[in-house]
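Asks: The following block contains the structure, expressed as structure tokens.
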Amino acid sequence: MIPPELQLALPERTIPIWVQDGALSRLGTMVRSVLSEKETPRITILTDENVAALYLDEAINSLKDFHTRAIVFPPGEGEKQFARLRTILDELISEGFQRSDLLVGLGGGVVTDICGFAASILYRGVRWVAVPTTLLGMSDAAIGGKTGIDHALGKNLIGTFHQPQAIIADLDMLKTLPEREWRSGSAEVAKTALLSTPELWQEIQKISPDFSNWPQEELQSAIRVAMRGKIDIVEADEREQNQRRLLNLGHTFGHAIEVATNYQAFRHGEAVFLGLRAMLHLSVRAVGLPSEEAHAIDAVLAKVPHPAAEISIDQILSALEHDKKKAHGKLHWILLKAVEQPVIVDDVKDEWVREAAEELVGYLKEGDAAPFGNRLSRVLVLNGPNLNLLGEREPEVYGSQTLQELEEKIRRRAEQIDVEILCRQSNHEGELIDLLQRFRHWADGIIFNPGAFTHTSIALRDAIAAIDTPVIEVHLSDISKREDFRRQSVLSPVCVRQISGKGISGYFEALEFLAEQK
Ligand SMILES: NC(=O)c1ccc[n+]([C@@H]2O[C@H](COP(=O)([O-])OP(=O)(O)OC[C@H]3O[C@@H](n4cnc5c(N)ncnc54)[C@H](O)[C@@H]3O)[C@@H](O)[C@H]2O)c1
Ligand SMILES: [Zn+2]
């Protein structure tokens, strides 16, 4: 058995938690090690379209010793509902899923929540494995066995406790996480740090409350510390009788923001960051958090950007009032006396709550003027045959840098202009077609250097014509100045643009062109 980095020890069993770079490629071995020797269950992977485009092939490949299939559904919180659950159950039952088979939830919190829930009710309970792919999933949602779906009247109102057999987190997968998803997860990690891991809070103060720009090594250890923090709380109170409620730190005001904006404007974590700031204010008044300490924490949390919103104090108060009714007339405020000293308080003066809400309304106004509208463009950079030999092959024509160096530079440029990119290379025509098809929804644009297929591949031309995603054809060398047979591109009529002979700058130009189109 590959030794797991962490374990969740519960009275009925101990759950191994692997947290490693590249764990996805070892999924098969890890899954095998939580089964008994003789059995080979069939596996159904549940995942969303974004994650499937990036990681499903590798997951299936890693599980090749099992009979494995997948159910893929659209991404987003909107899928965490009865209608989706029902289609999943229908498909599992009609495909002959057995009680002894295994479900694997491959994705963020939405996927693991719905997968765990489906597993808990199908045939009165089947086994499942959580493979969280977001920071929020790894540090929070996948740990603890809370599963569920949303109801029209509120989030997570329907659900069960159903622990997975194992939790497998591949930190490499975070590399493709969009900016706002990083932020969403960062809030939960910051929350755990304030609750129970002061050494992590110190690191956050030093580096940044937004983990997207943390150095790799520090990030790895921070995620493990955050997971440990959540594990400790779940071990002490699996069914959320008391201590587990502490995890709601910052969530009372955070929830009020989400309700006041109809869950539309803020990612959950963005609201939690703001909720934590309002919580500090209340903590100074209600439980004597020293105001210098509150300011110091607030200064760190305030560094995280968030959308601007015009919300009134009354909207915040009425959302709180609604939560209060649901909780039998009493809000349980989770407040901080100091870092690592949370307290649950029921009687907080109304005027203090109002003051904190006033502060919050101020923060909300100050948000980023452009609420990230343009920042989410995603671009696939696809390099065709022989480009893997860049640097070795005819350097006088193609330059001396390697493909890796080229991709790294493109990646850095993309970061500067807030474009998320993914780089792929293949020498095979069919694989290039597969990649164009697979990423057609994920990507807002594709930068494609088709190599010598440019001059011959009608199949690639058909693939580009078949998808709506704009494709820009890029060549390092100037194909119009080379041999006759290289002058003609069968692809350019179906591409939005051709950029040729500009070396790596051609890729930059294509990136900027696509970013402007967004
Ligand atoms: N069960 C629990 O204890 C618990 C705790 C906290 C949150 N939650 C739930 O978790 C959900 C939120 O989870 P989330 O923030 O992970 O959201 P999510 O599952 O919607 O994922 C966020 C987005 O990122 C994409 N994505 C996922 N992994 C990716 C990757 N590696 N690369 C690129 N894109 C990727 C997804 O397709 C999706 O669009 C909420 O429904 C919340 O209620 C549950
Ligand atoms: Zn949360």
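In the structure tokens, the first chain shown is A, the next is B, and so on; residue numbers restart at 1 for each chain, and ligands run from 1 in the order shown.
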For the structure I just gave you, how does DSSP split stretch 55-174 of chain A - specifically, which residues are alpha helix (DSSP H)? Reply as a PyMOL selection string.
Replies: chain A and resi 57-62+82-94+109-121+135-136
Asks: Can you pull out every residue within 12 Å of stretch 479-490 of chain A, counting only C-alpha atoms, but drop anything in the same chain fewer than 2 positions away, and send it as an NGL selection string?
Replies: :A and (397-398 or 449-462 or 464-465 or 473-477 or 492-495 or 497-503)
Asks: Quick one: write out the picked residues with N, CA and C atoms as a compact mmCIF listing (two decimals), in the first residue's frame?
Replies:
# COMPACT_ATOMS: atom_id res chain seq x y z
N VAL A 397 15.91 27.35 -38.09
CA VAL A 397 14.54 27.66 -38.56
C VAL A 397 13.61 27.90 -37.37
N TYR A 398 13.70 27.01 -36.36
CA TYR A 398 12.69 27.02 -35.30
C TYR A 398 13.17 27.62 -33.98
N ASN A 449 -0.65 25.39 -33.33
CA ASN A 449 0.45 25.25 -34.30
C ASN A 449 0.38 23.82 -34.85
N PRO A 450 -0.21 23.67 -36.02
CA PRO A 450 -0.48 22.31 -36.52
C PRO A 450 0.73 21.64 -37.17
N GLY A 451 1.91 22.32 -37.16
CA GLY A 451 3.09 21.74 -37.79
C GLY A 451 2.78 21.40 -39.25
N ALA A 452 3.35 20.31 -39.73
CA ALA A 452 3.19 19.98 -41.15
C ALA A 452 1.78 19.50 -41.51
N PHE A 453 0.93 19.23 -40.51
CA PHE A 453 -0.46 18.89 -40.84
C PHE A 453 -1.18 20.08 -41.50
N THR A 454 -0.60 21.28 -41.29
CA THR A 454 -1.16 22.50 -41.89
C THR A 454 -1.46 22.31 -43.38
N HIS A 455 -0.56 21.58 -44.03
CA HIS A 455 -0.62 21.54 -45.49
C HIS A 455 -1.42 20.37 -46.03
N THR A 456 -1.79 19.44 -45.13
CA THR A 456 -2.40 18.21 -45.65
C THR A 456 -3.69 17.78 -44.97
N SER A 457 -3.92 18.21 -43.72
CA SER A 457 -4.95 17.50 -42.96
C SER A 457 -6.36 18.07 -43.14
N ILE A 458 -7.10 17.40 -43.99
CA ILE A 458 -8.51 17.79 -44.16
C ILE A 458 -9.29 17.41 -42.91
N ALA A 459 -8.85 16.34 -42.25
CA ALA A 459 -9.56 15.91 -41.03
C ALA A 459 -9.44 16.98 -39.94
N LEU A 460 -8.26 17.59 -39.80
CA LEU A 460 -8.12 18.67 -38.82
C LEU A 460 -8.95 19.89 -39.24
N ARG A 461 -8.94 20.14 -40.53
CA ARG A 461 -9.76 21.26 -41.03
C ARG A 461 -11.23 21.05 -40.67
N ASP A 462 -11.71 19.82 -40.86
CA ASP A 462 -13.11 19.52 -40.52
C ASP A 462 -13.36 19.70 -39.03
N ILE A 464 -11.80 21.70 -36.95
CA ILE A 464 -11.83 23.13 -36.60
C ILE A 464 -13.15 23.74 -37.07
N ALA A 465 -13.59 23.33 -38.26
CA ALA A 465 -14.85 23.88 -38.77
C ALA A 465 -16.04 23.42 -37.93
N GLU A 473 -4.33 29.96 -36.03
CA GLU A 473 -3.24 29.12 -36.55
C GLU A 473 -1.93 29.88 -36.38
N VAL A 474 -0.97 29.25 -35.73
CA VAL A 474 0.31 29.94 -35.48
C VAL A 474 1.46 29.09 -36.02
N HIS A 475 2.43 29.75 -36.65
CA HIS A 475 3.66 29.06 -37.08
C HIS A 475 4.86 29.86 -36.61
N LEU A 476 5.86 29.15 -36.10
CA LEU A 476 7.07 29.84 -35.65
C LEU A 476 7.80 30.46 -36.84
N SER A 477 7.93 29.67 -37.92
CA SER A 477 8.65 30.18 -39.09
C SER A 477 7.64 30.76 -40.08
N SER A 492 -6.13 27.44 -42.83
CA SER A 492 -6.38 28.87 -42.59
C SER A 492 -7.80 29.33 -42.96
N PRO A 493 -8.46 28.75 -43.98
CA PRO A 493 -9.82 29.22 -44.25
C PRO A 493 -10.80 29.00 -43.09
N VAL A 494 -10.52 28.03 -42.21
CA VAL A 494 -11.46 27.79 -41.10
C VAL A 494 -10.95 28.35 -39.77
N CYS A 495 -9.75 28.95 -39.79
CA CYS A 495 -9.22 29.59 -38.56
C CYS A 495 -9.57 31.07 -38.59
N ARG A 497 -7.64 33.42 -37.72
CA ARG A 497 -6.45 34.19 -38.08
C ARG A 497 -5.27 33.27 -38.29
N GLN A 498 -4.32 33.70 -39.10
CA GLN A 498 -3.06 32.97 -39.20
C GLN A 498 -1.93 33.93 -38.83
N ILE A 499 -1.05 33.48 -37.93
CA ILE A 499 0.11 34.30 -37.56
C ILE A 499 1.34 33.45 -37.86
N SER A 500 2.21 33.97 -38.71
CA SER A 500 3.28 33.12 -39.21
C SER A 500 4.59 33.88 -39.21
N GLY A 501 5.67 33.22 -38.77
CA GLY A 501 7.01 33.81 -38.90
C GLY A 501 7.40 34.75 -37.78
N LYS A 502 6.65 34.77 -36.70
CA LYS A 502 6.98 35.71 -35.62
C LYS A 502 7.57 35.00 -34.41
N GLY A 503 7.94 33.75 -34.56
CA GLY A 503 8.51 33.01 -33.43
C GLY A 503 7.52 32.96 -32.29
Asks: For the strand (DSSP E) assignment from backbone DSSP, which residues of stretch 150-355 of chain A qualify? Please present them as a ChimeraX atom specification.
Replies: /A:150-151,154-161,166-170,333-338,341-345
Asks: Could you report the residues within 6 Å of ligand 1, using only C-alpha atoms and all ligand atoms, as a PyMOL selection string?
Replies: chain A and resi 48+50-51+75-77+107-111+113+133-134+136-137+140-141+146-147+173-174+176-178+181
Asks: Show which residues sit within 10 Å of stretch 220-226 of chain A, as a VMD selection string. Count only C-alpha atoms, and ignore same-chain residues fewer than 6 positions away.
Replies: chain A and resid 5 to 6 18 to 21 135 to 136 138 to 140 171 to 172 186 188 to 193 196 to 197 199 to 201 203 to 204 211 214 232
Asks: So which one's closest to A:Glu509, A:Leu63, A:Ala338, A:Leu102, A:Ile447? Using only C-alpha atoms, please.
Replies: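 So, comparing all the options, the nearest one is A:Ile447.
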Asks: Please extract the residues at most 9 Å from ligand 2, counting only C-alpha atoms and all ligand atoms, and provide them as a ChimeraX atom specification, using the chain letters and residue numbers of this document.
Replies: /A:136,140-141,184-185,187-188,191,247-251,254-255,268-269,272
Asks: Could you turn the residues from that selection into a file that holds N, CA and C atoms, as a PDB file, in the first residue's frame?
Replies:
ATOM      1  N   LEU A 136     -10.922  24.006  -2.478  1.00  0.00           N
ATOM      2  CA  LEU A 136     -12.016  23.877  -1.511  1.00  0.00           C
ATOM      3  C   LEU A 136     -12.370  22.415  -1.254  1.00  0.00           C
ATOM      4  N   ASP A 140     -11.619  20.947   2.371  1.00  0.00           N
ATOM      5  CA  ASP A 140     -12.861  21.035   3.132  1.00  0.00           C
ATOM      6  C   ASP A 140     -13.912  20.009   2.692  1.00  0.00           C
ATOM      7  N   ALA A 141     -14.492  20.229   1.508  1.00  0.00           N
ATOM      8  CA  ALA A 141     -15.710  19.483   1.142  1.00  0.00           C
ATOM      9  C   ALA A 141     -15.547  17.962   1.136  1.00  0.00           C
ATOM     10  N   SER A 184     -11.963  30.960  -3.804  1.00  0.00           N
ATOM     11  CA  SER A 184     -13.040  30.318  -3.082  1.00  0.00           C
ATOM     12  C   SER A 184     -12.476  29.337  -2.052  1.00  0.00           C
ATOM     13  N   GLY A 185     -11.500  28.547  -2.470  1.00  0.00           N
ATOM     14  CA  GLY A 185     -10.896  27.596  -1.538  1.00  0.00           C
ATOM     15  C   GLY A 185     -10.022  28.279  -0.508  1.00  0.00           C
ATOM     16  N   ALA A 187     -10.458  30.935   1.083  1.00  0.00           N
ATOM     17  CA  ALA A 187     -11.208  31.430   2.240  1.00  0.00           C
ATOM     18  C   ALA A 187     -11.376  30.333   3.294  1.00  0.00           C
ATOM     19  N   GLU A 188     -11.650  29.104   2.829  1.00  0.00           N
ATOM     20  CA  GLU A 188     -11.869  28.019   3.806  1.00  0.00           C
ATOM     21  C   GLU A 188     -10.552  27.651   4.497  1.00  0.00           C
ATOM     22  N   LYS A 191      -9.892  30.296   7.025  1.00  0.00           N
ATOM     23  CA  LYS A 191     -10.796  30.054   8.150  1.00  0.00           C
ATOM     24  C   LYS A 191     -10.232  28.975   9.082  1.00  0.00           C
ATOM     25  N   LEU A 247     -16.685  25.294  12.237  1.00  0.00           N
ATOM     26  CA  LEU A 247     -16.299  25.479  10.840  1.00  0.00           C
ATOM     27  C   LEU A 247     -17.139  26.547  10.149  1.00  0.00           C
ATOM     28  N   ASN A 248     -18.189  26.997  10.824  1.00  0.00           N
ATOM     29  CA  ASN A 248     -18.998  28.072  10.255  1.00  0.00           C
ATOM     30  C   ASN A 248     -18.438  29.459  10.522  1.00  0.00           C
ATOM     31  N   LEU A 249     -17.221  29.504  11.046  1.00  0.00           N
ATOM     32  CA  LEU A 249     -16.595  30.817  11.276  1.00  0.00           C
ATOM     33  C   LEU A 249     -16.662  31.652   9.988  1.00  0.00           C
ATOM     34  N   GLY A 250     -17.164  32.885  10.129  1.00  0.00           N
ATOM     35  CA  GLY A 250     -17.239  33.775   8.961  1.00  0.00           C
ATOM     36  C   GLY A 250     -18.412  33.482   8.042  1.00  0.00           C
ATOM     37  N   HIS A 251     -19.113  32.369   8.300  1.00  0.00           N
ATOM     38  CA  HIS A 251     -20.156  31.953   7.366  1.00  0.00           C
ATOM     39  C   HIS A 251     -21.502  32.619   7.622  1.00  0.00           C
ATOM     40  N   GLY A 254     -21.170  35.730   5.751  1.00  0.00           N
ATOM     41  CA  GLY A 254     -20.889  35.278   4.383  1.00  0.00           C
ATOM     42  C   GLY A 254     -22.174  34.806   3.707  1.00  0.00           C
ATOM     43  N   HIS A 255     -22.951  34.025   4.457  1.00  0.00           N
ATOM     44  CA  HIS A 255     -24.205  33.509   3.931  1.00  0.00           C
ATOM     45  C   HIS A 255     -25.176  34.647   3.632  1.00  0.00           C
ATOM     46  N   HIS A 268     -18.664  31.382  -3.217  1.00  0.00           N
ATOM     47  CA  HIS A 268     -18.844  31.151  -1.788  1.00  0.00           C
ATOM     48  C   HIS A 268     -17.665  31.709  -0.965  1.00  0.00           C
ATOM     49  N   GLY A 269     -16.460  31.405  -1.402  1.00  0.00           N
ATOM     50  CA  GLY A 269     -15.276  31.828  -0.647  1.00  0.00           C
ATOM     51  C   GLY A 269     -15.088  33.338  -0.624  1.00  0.00           C
ATOM     52  N   VAL A 272     -17.187  34.396   2.047  1.00  0.00           N
ATOM     53  CA  VAL A 272     -16.655  34.000   3.356  1.00  0.00           C
ATOM     54  C   VAL A 272     -15.508  34.932   3.782  1.00  0.00           C
TER      55      VAL A 272
END
Asks: May I have the residues within 12 Å of stretch 433-436 of chain A as a CSV table (one decimal) with N, CA and C atoms, in the first residue's frame, using only C-alpha atoms and disregarding those fewer than 5 positions away in the same chain?
Replies:
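Below is the file that was written, result_20.csv:
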chain,number,residue,atom,x,y,z
A,53,ALA,N,-12.8,17.1,-19.2
A,53,ALA,CA,-12.0,17.5,-20.3
A,53,ALA,C,-10.5,17.4,-19.9
A,54,LEU,N,-10.2,17.7,-18.7
A,54,LEU,CA,-8.8,17.8,-18.2
A,54,LEU,C,-8.3,16.5,-17.7
A,57,ASP,N,-9.5,11.1,-18.9
A,57,ASP,CA,-8.8,10.0,-19.5
A,57,ASP,C,-7.7,9.4,-18.6
A,379,VAL,N,-7.6,29.5,-22.6
A,379,VAL,CA,-7.1,29.3,-23.9
A,379,VAL,C,-6.3,28.0,-23.9
A,380,LEU,N,-6.6,27.2,-24.9
A,380,LEU,CA,-5.8,26.0,-25.1
A,380,LEU,C,-4.7,26.3,-26.1
A,381,VAL,N,-3.4,25.9,-25.7
A,381,VAL,CA,-2.3,26.1,-26.7
A,381,VAL,C,-1.9,24.7,-27.1
A,382,LEU,N,-2.2,24.5,-28.4
A,382,LEU,CA,-2.0,23.1,-28.9
A,382,LEU,C,-0.9,23.1,-30.0
A,383,ASN,N,0.1,22.3,-29.7
A,383,ASN,CA,1.2,22.2,-30.6
A,383,ASN,C,1.2,20.8,-31.3
A,384,GLY,N,1.5,20.8,-32.6
A,384,GLY,CA,1.4,19.6,-33.4
A,384,GLY,C,2.7,18.8,-33.5
A,422,LEU,N,-3.8,26.3,-21.0
A,422,LEU,CA,-3.5,24.9,-20.9
A,422,LEU,C,-2.7,24.5,-22.1
A,423,CYS,N,-1.5,23.8,-22.0
A,423,CYS,CA,-0.7,23.5,-23.1
A,423,CYS,C,-0.7,22.0,-23.4
A,424,ARG,N,-0.9,21.6,-24.6
A,424,ARG,CA,-0.8,20.2,-25.0
A,424,ARG,C,0.0,20.1,-26.3
A,425,GLN,N,0.6,18.9,-26.5
A,425,GLN,CA,1.3,18.7,-27.7
A,425,GLN,C,1.1,17.2,-28.1
A,426,SER,N,0.9,17.0,-29.4
A,426,SER,CA,0.8,15.6,-29.9
A,426,SER,C,1.4,15.5,-31.3
A,427,ASN,N,1.9,14.4,-31.6
A,427,ASN,CA,2.4,14.1,-32.9
A,427,ASN,C,1.4,13.4,-33.8
A,428,HIS,N,0.2,13.2,-33.2
A,428,HIS,CA,-0.8,12.3,-33.9
A,428,HIS,C,-2.0,13.1,-34.4
A,441,HIS,N,-15.5,23.1,-25.3
A,441,HIS,CA,-16.4,23.9,-24.3
A,441,HIS,C,-15.5,24.6,-23.3
A,442,TRP,N,-14.5,23.9,-22.9
A,442,TRP,CA,-13.6,24.4,-21.8
A,442,TRP,C,-12.9,25.7,-22.3
A,443,ALA,N,-12.4,25.7,-23.5
A,443,ALA,CA,-11.6,26.9,-24.0
A,443,ALA,C,-12.5,27.9,-24.6
A,444,ASP,N,-12.1,29.2,-24.4
A,444,ASP,CA,-12.7,30.3,-25.1
A,444,ASP,C,-12.0,30.5,-26.4
A,445,GLY,N,-10.8,30.0,-26.5
A,445,GLY,CA,-10.1,30.1,-27.8
A,445,GLY,C,-9.0,29.1,-27.8
A,446,ILE,N,-8.5,28.8,-29.0
A,446,ILE,CA,-7.5,27.8,-29.2
A,446,ILE,C,-6.4,28.3,-30.0
A,447,ILE,N,-5.1,28.2,-29.5
A,447,ILE,CA,-4.0,28.6,-30.4
A,447,ILE,C,-3.3,27.4,-30.8
A,448,PHE,N,-3.3,27.2,-32.2
A,448,PHE,CA,-2.9,25.9,-32.7
A,448,PHE,C,-1.7,26.0,-33.7
A,450,PRO,N,-0.2,23.7,-36.0
A,450,PRO,CA,-0.5,22.3,-36.5
A,450,PRO,C,0.7,21.6,-37.2
A,453,PHE,N,0.9,19.2,-40.5
A,453,PHE,CA,-0.5,18.9,-40.8
A,453,PHE,C,-1.2,20.1,-41.5
A,457,SER,N,-3.9,18.2,-43.7
A,457,SER,CA,-5.0,17.5,-43.0
A,457,SER,C,-6.4,18.1,-43.1
A,458,ILE,N,-7.1,17.4,-44.0
A,458,ILE,CA,-8.5,17.8,-44.2
A,458,ILE,C,-9.3,17.4,-42.9
A,459,ALA,N,-8.8,16.3,-42.2
A,459,ALA,CA,-9.6,15.9,-41.0
A,459,ALA,C,-9.4,17.0,-39.9
A,460,LEU,N,-8.3,17.6,-39.8
A,460,LEU,CA,-8.1,18.7,-38.8
A,460,LEU,C,-8.9,19.9,-39.2
A,461,ARG,N,-8.9,20.1,-40.5
A,461,ARG,CA,-9.8,21.3,-41.0
A,461,ARG,C,-11.2,21.0,-40.7
A,462,ASP,N,-11.7,19.8,-40.9
A,462,ASP,CA,-13.1,19.5,-40.5
A,462,ASP,C,-13.4,19.7,-39.0
A,463,ALA,N,-12.4,19.3,-38.2
A,463,ALA,CA,-12.6,19.4,-36.8
A,463,ALA,C,-12.7,20.9,-36.4
A,464,ILE,N,-11.8,21.7,-36.9
A,464,ILE,CA,-11.8,23.1,-36.6
A,464,ILE,C,-13.2,23.7,-37.1
A,465,ALA,N,-13.6,23.3,-38.3
A,465,ALA,CA,-14.9,23.9,-38.8
A,465,ALA,C,-16.0,23.4,-37.9
A,466,ALA,N,-15.9,22.2,-37.3
A,466,ALA,CA,-17.0,21.7,-36.6
A,466,ALA,C,-17.3,22.3,-35.2
A,467,ILE,N,-16.2,23.0,-34.7
A,467,ILE,CA,-16.4,23.5,-33.3
A,467,ILE,C,-16.6,25.0,-33.4
A,468,ASP,N,-17.3,25.6,-32.4
A,468,ASP,CA,-17.5,27.0,-32.4
A,468,ASP,C,-16.4,27.8,-31.8
A,469,THR,N,-15.5,27.1,-31.1
A,469,THR,CA,-14.4,27.8,-30.4
A,469,THR,C,-13.5,28.4,-31.5
A,470,PRO,N,-13.1,29.7,-31.4
A,470,PRO,CA,-12.2,30.3,-32.4
A,470,PRO,C,-10.8,29.7,-32.3
A,471,VAL,N,-10.3,29.4,-33.4
A,471,VAL,CA,-8.9,28.8,-33.5
A,471,VAL,C,-8.0,29.7,-34.3
Asks: Hey, what's within 8 Å of stretch 401-410 of chain A if we count only C-alpha atoms and toss same-chain stuff fewer than 5 positions away? As an mmCIF file with C-alpha atoms, in the first residue's frame, please?
Replies:
data_model
loop_
_atom_site.group_PDB
_atom_site.id
_atom_site.type_symbol
_atom_site.label_atom_id
_atom_site.label_comp_id
_atom_site.auth_asym_id
_atom_site.auth_seq_id
_atom_site.Cartn_x
_atom_site.Cartn_y
_atom_site.Cartn_z
ATOM 1 C CA LEU A 387 7.201 20.502 -31.929
ATOM 2 C CA ASN A 388 8.230 18.313 -28.997
ATOM 3 C CA LEU A 389 11.712 18.389 -30.586
ATOM 4 C CA LEU A 390 11.960 22.186 -30.474
ATOM 5 C CA GLY A 391 15.466 23.282 -29.589
ATOM 6 C CA GLU A 392 16.977 20.159 -31.194
ATOM 7 C CA CYS A 423 -0.700 23.511 -23.124
ATOM 8 C CA ILE A 504 7.138 32.918 -29.897
ATOM 9 C CA TYR A 507 1.761 32.964 -29.679
ATOM 10 C CA PHE A 508 1.695 36.134 -27.557
#
Asks: For A:Leu276, which residue out of A:Glu49, A:Asn61, A:Phe439, A:Ala294 is the nearest one, using only C-alpha atoms?
Replies: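 Nearest candidate to A:Leu276 out of A:Glu49, A:Asn61, A:Phe439, A:Ala294: A:Ala294.
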Asks: Ranking A:Ile121, A:Met227, A:Ala327, A:Val284 by minimum distance to A:Val348 and counting only C-alpha atoms, which one comes first?
Replies: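 For A:Val348, the nearest of the given residues is A:Val284.
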Asks: Between A:Val126, A:Leu24, A:Ala52, A:Leu10, single out the one closest to A:Ile233, counting only C-alpha atoms.
Replies: A:Leu10
Asks: Extract, using only C-alpha atoms, all DNA, RNA and protein residues at most 12 Å from A:Gly96, discarding same-chain residues fewer than 2 positions from it, and format them as a list in words.
Replies: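 Everything that qualifies: Arg42, Ile43, Thr44, Arg69, Leu89, Asp90, Glu91, Leu92, Ile93, Ser94, Gln98, Arg99, Ser100, Asp101 and Tyr123 of chain A.
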Asks: Find the spatial neighbours of A:Ile311, counting only C-alpha atoms, within a cut-off of 10 Å - ignore same-chain residues fewer than 2 positions away - and output them as a list of chain:residue names.
Replies: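 Within the cut-off, the hits are A:Ile257, A:Ala260, A:Thr261, A:Ala308, A:Ala309, A:Ile313, A:Asp314, A:Gln315, A:Ile316, A:Leu360, A:Val361, A:Gly362, A:Leu364, A:Lys365.
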Asks: From the options A:Ser283, A:Gln165, A:Thr68, A:Ser291, which residue's atoms come nearest to A:Leu35, counting only C-alpha atoms?
Replies: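 So, comparing all the options, the nearest one is A:Gln165.
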